[in-house]
$ cat run17.cif   # mmCIF, C-alpha atoms and all ligand atoms
data_query
#
loop_
_atom_site.label_atom_id
_atom_site.label_comp_id
_atom_site.auth_asym_id
_atom_site.auth_seq_id
_atom_site.Cartn_x
_atom_site.Cartn_y
_atom_site.Cartn_z
CA MET A 14 0.00 0.00 0.00
CA PRO A 15 2.64 2.65 0.76
CA PHE A 16 4.44 2.61 -2.62
CA TYR A 17 5.38 0.44 -5.58
CA GLN A 18 7.69 -2.48 -4.82
CA ARG A 19 9.26 -5.25 -6.85
CA LEU A 20 11.12 -8.29 -5.59
CA GLY A 21 12.51 -11.22 -7.58
CA ASP A 22 11.91 -11.68 -11.29
CA VAL A 23 8.86 -10.41 -13.14
CA PRO A 24 8.28 -10.28 -16.91
CA ARG A 25 8.62 -7.13 -18.97
CA LYS A 26 4.86 -6.63 -19.13
CA ARG A 27 1.80 -7.85 -17.25
CA HIS A 28 -0.04 -10.89 -18.51
CA ILE A 29 2.57 -12.20 -20.91
CA GLN A 30 4.42 -15.51 -20.90
CA PHE A 31 6.90 -15.93 -18.09
CA ARG A 32 8.78 -19.17 -17.64
CA ASP A 33 10.97 -20.88 -15.11
CA ASN A 34 13.25 -23.51 -16.70
CA GLY A 35 10.82 -23.69 -19.59
CA THR A 36 7.70 -24.10 -17.46
CA LEU A 37 5.04 -21.45 -17.76
CA LEU A 38 4.57 -19.75 -14.38
CA THR A 39 1.17 -19.04 -12.87
CA GLU A 40 0.41 -15.35 -12.64
CA GLU A 41 -1.78 -14.27 -9.73
CA VAL A 42 -3.25 -10.80 -9.40
CA MET A 43 -3.93 -10.17 -5.74
CA GLY A 44 -6.01 -7.02 -5.57
CA LEU A 45 -8.47 -4.91 -3.64
CA GLU A 46 -11.77 -3.38 -4.76
CA GLY A 47 -12.23 -5.67 -7.69
CA PHE A 48 -9.59 -4.77 -10.22
CA SER A 49 -9.43 -1.07 -9.41
CA GLY A 50 -7.79 -0.93 -5.99
CA ASN A 51 -4.21 -1.56 -4.99
CA GLU A 52 -2.82 -4.86 -6.18
CA SER A 53 0.27 -6.97 -6.49
CA ILE A 54 1.02 -9.51 -9.20
CA LEU A 55 2.79 -12.69 -8.14
CA TYR A 56 4.41 -15.37 -10.30
CA HIS A 57 4.07 -18.88 -8.86
CA LEU A 58 5.72 -22.16 -9.65
CA GLN A 59 2.40 -23.86 -8.86
CA SER A 60 -1.19 -22.82 -9.20
CA PRO A 61 -2.16 -21.13 -5.93
CA CYS A 62 -5.47 -23.01 -6.22
CA ARG A 63 -3.74 -26.37 -5.96
CA VAL A 64 -4.93 -28.14 -2.82
CA MET A 65 -4.09 -31.71 -1.84
CA GLN A 66 -6.59 -31.94 0.97
CA ILE A 67 -9.28 -29.75 2.47
CA GLY A 68 -9.01 -30.01 6.21
CA GLU A 69 -11.29 -28.92 9.02
CA PHE A 70 -13.17 -25.67 9.48
CA GLU A 71 -12.93 -24.34 12.98
CA PRO A 72 -15.36 -21.52 13.87
CA ILE A 73 -14.02 -18.65 15.96
CA VAL A 74 -15.61 -18.68 19.40
CA ARG A 75 -15.64 -15.43 21.36
CA GLU A 76 -16.52 -15.58 25.02
CA GLU A 77 -18.13 -12.23 25.77
CA TRP A 78 -18.23 -10.57 29.14
CA VAL A 79 -21.18 -8.23 29.53
CA PRO A 80 -20.36 -6.21 32.64
CA ASP A 81 -23.11 -5.19 35.04
CA THR A 82 -21.89 -1.59 35.04
CA HIS A 83 -20.57 0.95 32.54
CA GLN A 84 -17.28 2.38 33.76
CA HIS A 85 -13.67 3.14 32.95
CA ARG A 86 -11.51 0.06 33.14
CA LEU A 87 -7.92 -0.93 33.73
CA LEU A 88 -6.65 -4.31 32.57
CA ASN A 89 -3.22 -5.61 33.33
CA THR A 90 -2.05 -8.01 30.66
CA LYS A 91 1.52 -8.33 31.88
CA ASP A 92 1.12 -11.71 33.53
CA VAL A 93 -1.07 -13.39 30.95
CA PRO A 94 0.71 -16.72 30.54
CA PRO A 95 2.22 -17.66 27.17
CA ASP A 96 0.02 -19.95 25.13
CA GLY A 97 -0.23 -21.34 21.62
CA ASP A 98 1.59 -19.80 18.69
CA GLU A 99 1.40 -16.41 16.97
CA ILE A 100 -2.09 -17.23 15.71
CA THR A 101 -3.66 -19.69 18.14
CA GLY A 102 -2.13 -17.73 21.01
CA ARG A 103 -4.12 -14.59 20.21
CA ARG A 104 -6.18 -13.91 23.31
CA LEU A 105 -9.09 -11.65 22.47
CA LEU A 106 -9.51 -8.67 24.80
CA MET A 107 -12.12 -6.49 23.11
CA TRP A 108 -13.82 -6.24 19.76
CA ASN A 109 -16.58 -4.83 17.60
CA ASN A 110 -17.53 -5.19 13.95
CA ASP A 111 -14.54 -3.10 12.87
CA VAL A 112 -11.63 -4.42 14.89
CA GLU A 113 -10.55 -7.21 17.20
CA ILE A 114 -7.83 -6.46 19.72
CA SER A 115 -5.90 -9.36 21.17
CA LEU A 116 -2.82 -10.01 23.22
CA CYS A 117 -0.47 -12.73 22.01
CA ARG A 118 2.33 -14.32 23.99
CA PRO A 119 3.16 -17.45 22.03
CA SER A 120 4.67 -20.42 23.81
CA GLY A 121 5.60 -22.43 20.73
CA PRO A 122 6.34 -22.12 17.02
CA MET A 123 3.82 -22.11 14.18
CA GLU A 124 3.78 -25.56 12.58
CA TYR A 125 1.72 -24.32 9.64
CA PHE A 126 1.27 -21.29 7.42
CA PHE A 127 -1.45 -18.72 7.99
CA ARG A 128 -3.39 -16.36 5.82
CA ASN A 129 -6.04 -13.91 6.89
CA GLY A 130 -8.57 -14.17 4.10
CA GLU A 131 -11.02 -11.70 5.56
CA GLY A 132 -9.04 -8.92 7.13
CA ASP A 133 -5.94 -6.80 7.49
CA GLU A 134 -3.72 -7.15 10.52
CA VAL A 135 -1.47 -4.84 12.50
CA ILE A 136 0.74 -6.54 15.02
CA PHE A 137 2.51 -4.29 17.48
CA VAL A 138 5.64 -6.05 18.69
CA HIS A 139 5.96 -5.08 22.33
CA GLU A 140 8.61 -7.68 23.03
CA GLY A 141 10.57 -9.95 20.75
CA SER A 142 12.09 -9.98 17.32
CA GLY A 143 12.34 -12.38 14.42
CA THR A 144 11.29 -12.81 10.86
CA LEU A 145 7.85 -12.85 9.36
CA GLU A 146 8.26 -15.26 6.48
CA THR A 147 5.75 -14.33 3.80
CA ILE A 148 4.81 -15.16 0.26
CA PHE A 149 6.23 -11.70 -0.59
CA GLY A 150 9.56 -12.46 1.08
CA ASP A 151 11.12 -12.29 4.50
CA LEU A 152 10.19 -9.38 6.70
CA PRO A 153 12.48 -8.93 9.70
CA TYR A 154 10.84 -7.37 12.75
CA ARG A 155 11.94 -6.25 16.18
CA GLU A 156 10.66 -4.72 19.36
CA GLY A 157 8.66 -1.57 18.70
CA ASP A 158 7.64 -2.53 15.17
CA TYR A 159 4.15 -2.40 13.83
CA VAL A 160 3.91 -5.30 11.40
CA VAL A 161 1.22 -4.47 8.84
CA ILE A 162 -0.09 -7.51 6.97
CA PRO A 163 -2.65 -7.03 4.22
CA ARG A 164 -5.35 -9.66 3.79
CA GLY A 165 -4.38 -12.46 1.47
CA THR A 166 -0.76 -12.62 2.65
CA THR A 167 0.35 -16.15 3.48
CA TYR A 168 2.85 -16.04 6.32
CA ARG A 169 4.58 -17.77 9.16
CA PHE A 170 6.33 -16.29 12.18
CA ARG A 171 9.90 -17.30 12.88
CA PRO A 172 10.40 -15.66 16.28
CA GLU A 173 13.64 -15.09 18.12
CA GLY A 174 13.12 -15.06 21.86
CA PRO A 175 9.94 -14.48 23.86
CA GLN A 176 7.24 -12.49 22.12
CA ARG A 177 4.56 -10.14 23.34
CA HIS A 178 2.29 -8.85 20.59
CA LEU A 179 -0.72 -6.58 20.59
CA VAL A 180 -2.77 -7.69 17.61
CA PHE A 181 -5.36 -5.74 15.65
CA GLU A 182 -7.46 -7.59 13.09
CA THR A 183 -9.95 -5.75 10.95
CA PRO A 184 -12.34 -6.63 8.13
CA GLY A 185 -11.56 -3.16 6.75
CA LEU A 186 -8.29 -1.84 5.39
CA ILE A 187 -5.32 -0.58 7.36
CA GLU A 188 -4.19 2.63 5.71
CA ILE A 189 -1.80 5.49 6.11
CA PRO A 190 -4.07 8.41 7.09
CA ARG A 191 -5.28 10.24 4.00
CA ARG A 192 -4.05 13.61 5.21
CA TYR A 193 -0.50 12.22 5.38
CA ARG A 194 -0.53 11.54 1.61
CA ASN A 195 -0.73 13.82 -1.39
CA GLN A 196 -2.88 13.05 -4.42
CA TYR A 197 -0.12 10.85 -5.83
CA GLY A 198 0.31 8.82 -2.67
CA GLN A 199 3.56 10.32 -1.51
CA ILE A 200 3.75 11.02 2.19
CA VAL A 201 3.74 14.78 2.65
CA GLU A 202 6.00 17.08 4.61
CA GLY A 203 4.62 17.47 8.09
CA ALA A 204 3.45 13.86 8.35
CA PRO A 205 4.98 12.10 11.36
CA TYR A 206 6.74 9.51 9.19
CA TYR A 207 8.06 9.07 5.67
CA HIS A 208 8.50 6.30 3.11
CA ARG A 209 12.00 5.61 4.40
CA ASP A 210 10.47 4.57 7.71
CA ILE A 211 8.38 1.89 5.99
CA HIS A 212 10.15 -1.41 5.47
CA PRO A 213 8.87 -3.91 2.89
CA PRO A 214 10.07 -7.53 2.70
CA ALA A 215 13.84 -7.57 2.40
CA GLN A 216 14.44 -10.81 0.58
CA LEU A 217 12.42 -13.20 -1.53
CA ASN A 218 13.21 -16.88 -1.08
CA THR A 219 11.61 -19.08 -3.69
CA HIS A 220 10.82 -22.50 -2.26
CA ARG A 221 10.59 -25.53 -4.51
CA GLU A 222 10.08 -28.20 -1.89
CA GLN A 223 7.38 -30.85 -2.24
CA GLY A 224 5.71 -32.41 0.79
CA GLU A 225 2.77 -31.65 3.05
CA PHE A 226 2.25 -28.03 3.96
CA PRO A 227 -0.80 -27.07 6.03
CA VAL A 228 -2.16 -23.58 5.43
CA LYS A 229 -4.72 -22.19 7.84
CA VAL A 230 -6.91 -19.48 6.33
CA ARG A 231 -9.14 -17.18 8.32
CA VAL A 232 -12.43 -17.03 6.41
CA ARG A 233 -16.12 -16.68 7.29
CA ASP A 234 -15.34 -16.06 10.94
CA GLY A 235 -13.38 -19.24 11.32
CA TYR A 236 -10.23 -21.06 10.30
CA GLN A 237 -10.20 -23.37 7.31
CA THR A 238 -7.18 -25.61 6.97
CA TYR A 239 -5.89 -26.77 3.60
CA VAL A 240 -2.99 -29.09 2.93
CA LEU A 241 -0.76 -28.29 -0.06
CA ASP A 242 1.75 -30.66 -1.64
CA TYR A 243 4.14 -27.82 -2.32
CA HIS A 244 5.70 -25.07 -0.24
CA PRO A 245 3.34 -22.07 -0.42
CA PHE A 246 6.25 -19.64 -0.81
CA ASP A 247 6.76 -20.66 -4.43
CA VAL A 248 6.85 -17.14 -5.83
CA VAL A 249 9.76 -16.24 -8.12
CA GLY A 250 8.84 -12.56 -8.25
CA TRP A 251 6.11 -10.02 -7.60
CA ASP A 252 5.44 -6.35 -7.94
CA GLY A 253 2.78 -3.91 -6.86
CA TYR A 254 1.42 -1.93 -3.99
CA LEU A 255 0.15 -4.74 -1.78
CA PHE A 256 2.66 -6.33 0.57
CA PRO A 257 3.40 -6.61 4.28
CA TRP A 258 5.60 -3.97 5.87
CA THR A 259 6.95 -2.80 9.17
CA PHE A 260 7.06 0.61 10.74
CA SER A 261 8.81 1.19 14.06
CA ILE A 262 7.03 3.19 16.72
CA HIS A 263 10.48 4.62 17.44
CA ASP A 264 10.44 6.21 13.98
CA PHE A 265 7.22 8.09 14.68
CA GLU A 266 8.10 11.78 14.83
CA PRO A 267 5.92 13.32 17.51
CA ILE A 268 4.21 16.59 16.73
CA THR A 269 4.24 18.97 19.65
CA GLY A 270 3.00 22.53 20.11
CA ARG A 271 3.00 25.57 22.31
CA ILE A 272 -0.24 24.31 23.78
CA HIS A 273 -1.62 20.79 23.97
CA GLN A 274 -1.96 18.89 20.69
CA PRO A 275 -5.07 16.73 20.24
CA PRO A 276 -4.81 12.95 19.85
CA PRO A 277 -5.06 13.01 16.03
CA ALA A 278 -1.52 14.47 16.09
CA HIS A 279 -0.44 11.00 17.20
CA GLN A 280 -2.35 9.07 14.56
CA THR A 281 -0.33 6.34 12.91
CA PHE A 282 -2.87 4.23 11.01
CA ALA A 283 -6.42 4.66 9.81
CA GLY A 284 -8.82 1.74 9.94
CA ARG A 285 -12.50 1.38 9.17
CA ASN A 286 -14.17 3.24 12.05
CA PHE A 287 -11.04 3.21 14.18
CA VAL A 288 -7.59 4.74 14.40
CA ILE A 289 -4.31 3.57 15.87
CA CYS A 290 -2.10 6.23 17.49
CA SER A 291 1.43 6.21 18.89
CA PHE A 292 2.33 8.18 22.00
CA CYS A 293 6.08 8.57 21.87
CA PRO A 294 8.72 10.31 23.99
CA ARG A 295 8.52 14.00 23.20
CA LYS A 296 8.90 17.56 24.35
CA LEU A 297 5.80 18.89 26.05
CA ASP A 298 3.80 22.02 25.45
CA PHE A 299 6.03 25.06 25.86
CA ASP A 300 3.78 28.09 26.36
CA PRO A 301 4.60 29.60 29.77
CA LEU A 302 0.96 29.13 30.74
CA ALA A 303 0.55 25.70 29.12
CA VAL A 304 -0.90 22.82 31.08
CA PRO A 305 1.18 20.00 29.63
CA ILE A 306 -1.20 17.15 30.37
CA PRO A 307 -4.48 16.59 28.53
CA TYR A 308 -7.62 18.50 29.31
CA HIS A 309 -10.62 16.44 30.35
CA HIS A 310 -12.57 15.25 27.41
CA SER A 311 -15.77 13.41 26.70
CA ASN A 312 -15.22 11.03 23.86
CA LEU A 313 -18.87 11.05 22.98
CA GLN A 314 -18.54 8.92 19.89
CA SER A 315 -15.50 6.79 20.52
CA GLU A 316 -13.98 4.29 22.86
CA GLU A 317 -10.36 4.85 23.84
CA MET A 318 -8.12 1.90 24.49
CA ILE A 319 -4.52 2.66 25.47
CA TYR A 320 -1.84 0.01 25.78
CA TYR A 321 1.15 1.06 27.86
CA VAL A 322 4.44 -0.02 26.36
CA SER A 323 7.17 1.64 28.43
CA GLY A 324 8.06 4.88 30.14
CA ASN A 325 7.24 6.77 33.27
CA PHE A 326 3.61 5.85 33.72
CA GLY A 327 4.87 3.82 36.66
CA SER A 328 3.76 6.86 38.62
CA ARG A 329 0.25 5.79 37.88
CA LYS A 330 -0.75 3.36 40.54
CA GLY A 331 -1.70 0.04 39.05
CA VAL A 332 -0.57 0.96 35.56
CA ASP A 333 2.32 -1.20 34.50
CA VAL A 334 3.98 -2.28 31.30
CA GLY A 335 1.31 -4.11 29.36
CA SER A 336 -1.56 -2.37 31.15
CA ILE A 337 -4.58 -1.25 29.17
CA THR A 338 -6.95 1.53 30.08
CA LEU A 339 -10.33 1.58 28.41
CA HIS A 340 -12.34 4.78 28.49
CA PRO A 341 -15.68 3.85 26.95
CA SER A 342 -17.95 6.26 25.14
CA GLY A 343 -20.46 8.40 26.99
CA LEU A 344 -18.15 9.29 29.88
CA PRO A 345 -15.63 12.09 30.42
CA HIS A 346 -12.07 11.26 31.41
CA GLY A 347 -8.88 13.12 32.12
CA PRO A 348 -5.99 13.41 34.54
CA GLN A 349 -6.59 12.48 38.14
CA PRO A 350 -7.08 15.15 40.80
CA GLY A 351 -4.10 17.45 41.38
CA LEU A 352 -2.14 16.29 38.42
CA ALA A 353 -2.81 19.24 36.14
CA GLU A 354 -1.18 21.44 38.78
CA LYS A 355 1.63 18.96 39.29
CA SER A 356 2.38 18.78 35.59
CA ILE A 357 3.11 22.47 35.18
CA GLY A 358 6.78 22.98 34.41
CA LEU A 359 7.28 19.52 32.94
CA HIS A 360 9.17 19.73 29.67
CA GLU A 361 9.19 16.22 28.32
CA THR A 362 7.76 12.75 28.60
CA GLY A 363 9.39 9.37 28.06
CA GLU A 364 6.16 7.49 27.73
CA LEU A 365 5.48 5.02 24.97
CA ALA A 366 1.95 3.83 24.38
CA VAL A 367 -0.31 2.57 21.61
CA MET A 368 -3.88 3.81 21.46
CA CYS A 369 -6.82 2.47 19.51
CA ASP A 370 -9.89 4.67 19.31
CA THR A 371 -12.97 2.99 17.90
CA PHE A 372 -16.01 4.89 16.70
CA HIS A 373 -18.39 2.18 17.82
CA PRO A 374 -18.61 0.47 21.21
CA LEU A 375 -16.28 -2.35 22.07
CA LYS A 376 -17.37 -5.64 23.54
CA LEU A 377 -15.24 -7.16 26.24
CA SER A 378 -14.04 -10.74 26.49
CA ALA A 379 -13.93 -13.09 29.44
CA LEU A 380 -10.19 -12.49 29.51
CA ALA A 381 -10.84 -8.75 29.93
CA ARG A 382 -13.06 -9.63 32.88
CA ASP A 383 -10.28 -11.68 34.44
CA LEU A 384 -7.76 -8.86 33.99
CA ASP A 385 -10.03 -5.98 35.08
CA ASP A 386 -8.84 -4.33 38.28
CA GLY A 387 -12.36 -3.13 39.10
CA LYS A 388 -11.12 -0.01 40.95
CA TYR A 389 -9.81 2.25 38.23
CA ALA A 390 -13.13 4.04 37.73
CA TYR A 391 -12.76 5.45 41.25
CA SER A 392 -9.30 6.86 40.61
CA TRP A 393 -10.72 10.37 40.10
CA TYR A 394 -12.42 10.23 43.50
CA ASP A 395 -10.26 12.44 45.69
CA THR A 396 -11.04 11.70 49.30
CA GLY A 397 -8.42 14.13 50.52
CA ASP A 398 -6.37 11.36 52.11
CA GLY A 399 -4.05 10.98 49.18
CA GLU A 400 -5.79 7.87 48.00
CA ALA A 401 -6.59 9.16 44.53
CA THR A 402 -4.63 7.26 41.96
CA GLU A 403 -1.49 8.92 40.71
CA ALA A 404 -1.98 9.42 37.02
CA GLY A 405 0.56 9.04 34.32
CA LEU A 406 1.52 12.65 34.05
CA THR A 407 1.88 13.01 30.40
CA SER A 408 0.14 10.38 28.39
CA HIS A 409 -3.12 11.07 26.70
CA LEU A 410 -5.49 9.75 29.32
FE FE A 501 -8.61 10.33 26.06
#
$ encode --input "run17.cif" --output "structure tokens"
Amino acid sequence: MPFYQRLGDVPRKRHIQFRDNGTLLTEEVMGLEGFSGNESILYHLQSPCRVMQIGEFEPIVREEWVPDTHQHRLLNTKDVPPDGDEITGRRLLMWNNDVEISLCRPSGPMEYFFRNGEGDEVIFVHEGSGTLETIFGDLPYREGDYVVIPRGTTYRFRPEGPQRHLVFETPGLIEIPRRYRNQYGQIVEGAPYYHRDIHPPAQLNTHREQGEFPVKVRVRDGYQTYVLDYHPFDVVGWDGYLFPWTFSIHDFEPITGRIHQPPPAHQTFAGRNFVICSFCPRKLDFDPLAVPIPYHHSNLQSEEMIYYVSGNFGSRKGVDVGSITLHPSGLPHGPQPGLAEKSIGLHETGELAVMCDTFHPLKLSALARDLDDGKYAYSWYDTGDGEATEAGLTSHL
């Protein structure tokens, strides 16, 4: 999506003969919006339709928690035990029709290939590094990366070390915000990142192995497994605008101002009815009369989920690395009592956090229920005995 890429060998023109050792290759156009959206063209050794065996279909089961009360919530995901792999280990936290947000701490390797056939994915790598092996080539990733995987991409994680991922899956598209791009697609001056910060697959490895290769495809709200008799990464070359890529949160250039900048200044990705924002270490508002922490706000039409990655929010009681605050729609929120005063004179913040604002209500999972601290909604209740929760001084709360 960000720009045109080409890896491996492709013929001089589209839709003409292209051979590998005399054998005609199979051309696949992988595209969006019929044949008028972004697309990539891949050249396969085998037909991508070739299936040796159709395996089981496994429906996705979501265990919903419908709380008795409507309130702000704090979930601590830090101690969620590792489980499954990078796909089966996705533990759903909250969701609606536009996005599913999961935590993933895999305990073992993927023994199959995966393809999301009904949605785009953004995986924020909180901990860990490795390589995302894909049909478009190998995509190295490391801590702090957003791994953006368009629908239709067959892939497999090859992790190095323990992993902690925050996973967003959406039936819509993940896009670079429109206002960051000019009419030709180039990222404009003033946007918080540039094309050089976007990393496509680095190397294409064409596999020619025969054998049994299970591919699990997310379709129709479930997982359908197919068994191929050839390695699915049989592409000798591809080109186009559709491919997986990484962008490091550490390459997000924060936009600051003399007075407080609104959350859209931190926007990183646009989804269908949701946004993903990055709160990065930055200088704070510099007007002599500035209040450097956010004003109270009523997010009347959105739900705000913030995932705390690292930084000085340790001053917020109960908020730890991996904590999530959820400020649902219909309620005001803001810094805890006394903190606006306390923040005056602060010049910078070292906080790192990922926020997802959805424009429709989020449902909560049974896991969210298990992780909910139950007390956070009272953290604005100043009893005068110093019991009010210390707020993270600088994050957008
Ligand atoms: Fe907020």
$ closest_residue --input "run17.cif" --among "A:Leu384, A:His85, A:Leu352, A:Met107" --to "ligand FE 501 (chain A)" --atoms "all atoms listed in the file"
A:His85
$ residues_around --input "run17.cif" --residues "Leu359 of chain A" --least-positions-apart "4" --cutoff "12 Å" --atoms "all atoms listed in the file" --output "count of residues only"
19
$ residues_around --input "run17.cif" --residues "segment 90-104 of chain A" --least-positions-apart "6" --cutoff "8 Å" --atoms "only C-alpha atoms" --output "number ranges by chain"
A: 115-123, 127, 170, 180, 333-337, 380, 384
$ write_last_selection --input "run17.cif" --atoms "C-alpha atoms" --output "JSON list (two decimals), in the coordinates of the input"
[["chain", "number", "residue", "atom", "x", "y", "z"],
["A", 115, "SER", "CA", -5.90, -9.36, 21.17],
["A", 116, "LEU", "CA", -2.82, -10.01, 23.22],
["A", 117, "CYS", "CA", -0.47, -12.73, 22.01],
["A", 118, "ARG", "CA", 2.33, -14.32, 23.99],
["A", 119, "PRO", "CA", 3.16, -17.45, 22.03],
["A", 120, "SER", "CA", 4.67, -20.42, 23.81],
["A", 121, "GLY", "CA", 5.60, -22.43, 20.73],
["A", 122, "PRO", "CA", 6.34, -22.12, 17.02],
["A", 123, "MET", "CA", 3.82, -22.11, 14.18],
["A", 127, "PHE", "CA", -1.45, -18.72, 7.99],
["A", 170, "PHE", "CA", 6.33, -16.29, 12.18],
["A", 180, "VAL", "CA", -2.77, -7.69, 17.61],
["A", 333, "ASP", "CA", 2.32, -1.20, 34.50],
["A", 334, "VAL", "CA", 3.98, -2.28, 31.30],
["A", 335, "GLY", "CA", 1.31, -4.11, 29.36],
["A", 336, "SER", "CA", -1.56, -2.37, 31.15],
["A", 337, "ILE", "CA", -4.58, -1.25, 29.17],
["A", 380, "LEU", "CA", -10.19, -12.49, 29.51],
["A", 384, "LEU", "CA", -7.76, -8.86, 33.99]]
$ residues_around --input "run17.cif" --residues "Tyr17 of chain A" --least-positions-apart "4" --cutoff "12 Å" --atoms "all atoms listed in the file" --output "PyMOL selection string"
chain A and resi 51-54+197-199+208+213+251-256
$ closest_residue --input "run17.cif" --among "A:Glu71, A:Glu202, A:Glu134, A:Asp370" --to "Val160 of chain A" --atoms "only C-alpha atoms"
A:Glu134
$ closest_residue --input "run17.cif" --among "A:Glu361, A:Asp234, A:Glu316, A:Asp383" --to "Pro184 of chain A" --atoms "only C-alpha atoms"
A:Asp234
$ closest_residue --input "run17.cif" --among "A:Val135, A:Ile200, A:Leu377, A:Ala390" --to "His340 of chain A" --atoms "only C-alpha atoms"
A:Ala390
$ closest_residue --input "run17.cif" --among "A:Asn34, A:Gln349, A:Asn89, A:Thr338" --to "Tyr394 of chain A" --atoms "only C-alpha atoms"
A:Gln349
$ residues_near_ligand --input "run17.cif" --ligand "ligand FE 501 (chain A)" --cutoff "12 Å" --atoms "only C-alpha atoms and all ligand atoms" --output "MDAnalysis selection string"
chainID A and resid 85 275:277 290 292 306:319 338:342 344:348 368:371 407:410
$ residues_around --input "run17.cif" --residues "segment 229-231 of chain A" --least-positions-apart "5" --cutoff "6 Å" --atoms "only C-alpha atoms" --output "PDB file with C-alpha atoms, in the coordinates of the input"
ATOM      1  CA  PHE A 127      -1.450 -18.720   7.990  1.00  0.00           C
ATOM      2  CA  ARG A 128      -3.390 -16.360   5.820  1.00  0.00           C
ATOM      3  CA  ASN A 129      -6.040 -13.910   6.890  1.00  0.00           C
ATOM      4  CA  GLY A 130      -8.570 -14.170   4.100  1.00  0.00           C
ATOM      5  CA  TYR A 236     -10.230 -21.060  10.300  1.00  0.00           C
ATOM      6  CA  GLN A 237     -10.200 -23.370   7.310  1.00  0.00           C
ATOM      7  CA  THR A 238      -7.180 -25.610   6.970  1.00  0.00           C
TER       8      THR A 238
END
$ atom_distance --input "run17.cif" --atom1 "atom CA of Asp210 of chain A" --atom2 "atom CA of Gly157 of chain A"
12.7 Å
$ atom_distance --input "run17.cif" --atom1 "atom CA of Phe282 of chain A" --atom2 "atom CA of Pro245 of chain A"
29.3 Å
$ closest_residue --input "run17.cif" --among "A:Leu38, A:Met65, A:Val332, A:Ile211" --to "Asp158 of chain A" --atoms "all atoms listed in the file"
A:Ile211
$ residues_around --input "run17.cif" --residues "Gln216 of chain A" --least-positions-apart "3" --cutoff "10 Å" --atoms "all atoms listed in the file" --output "list in words"
Leu20, Gly21, Glu146, Thr147, Phe149, Gly150, Asp151, Leu152, Pro153, Pro213 and Thr219 of chain A
$ atom_distance --input "run17.cif" --atom1 "atom CA of Gly165 of chain A" --atom2 "atom CA of Arg221 of chain A"
20.8 Å
$ residues_near_point --input "run17.cif" --point "(-0.9, 16.1, 5.4)" --cutoff "9 Å" --atoms "only C-alpha atoms" --output "number ranges by chain"
A: 190-195, 200-204
$ residues_near_point --input "run17.cif" --point "(2.2, -17.0, -19.8)" --cutoff "8 Å" --atoms "all atoms listed in the file" --output "PyMOL selection string"
chain A and resi 28-32+37-40
$ axis_aligned_box --input "run17.cif" --around "segment 388-394 of chain A" --padding-each-side "4 Å" --output "lines of an AutoDock Vina configuration file"
center_x = -11.2
center_y = 5.2
center_z = 40.6
size_x = 11.8
size_y = 18.4
size_z = 13.8
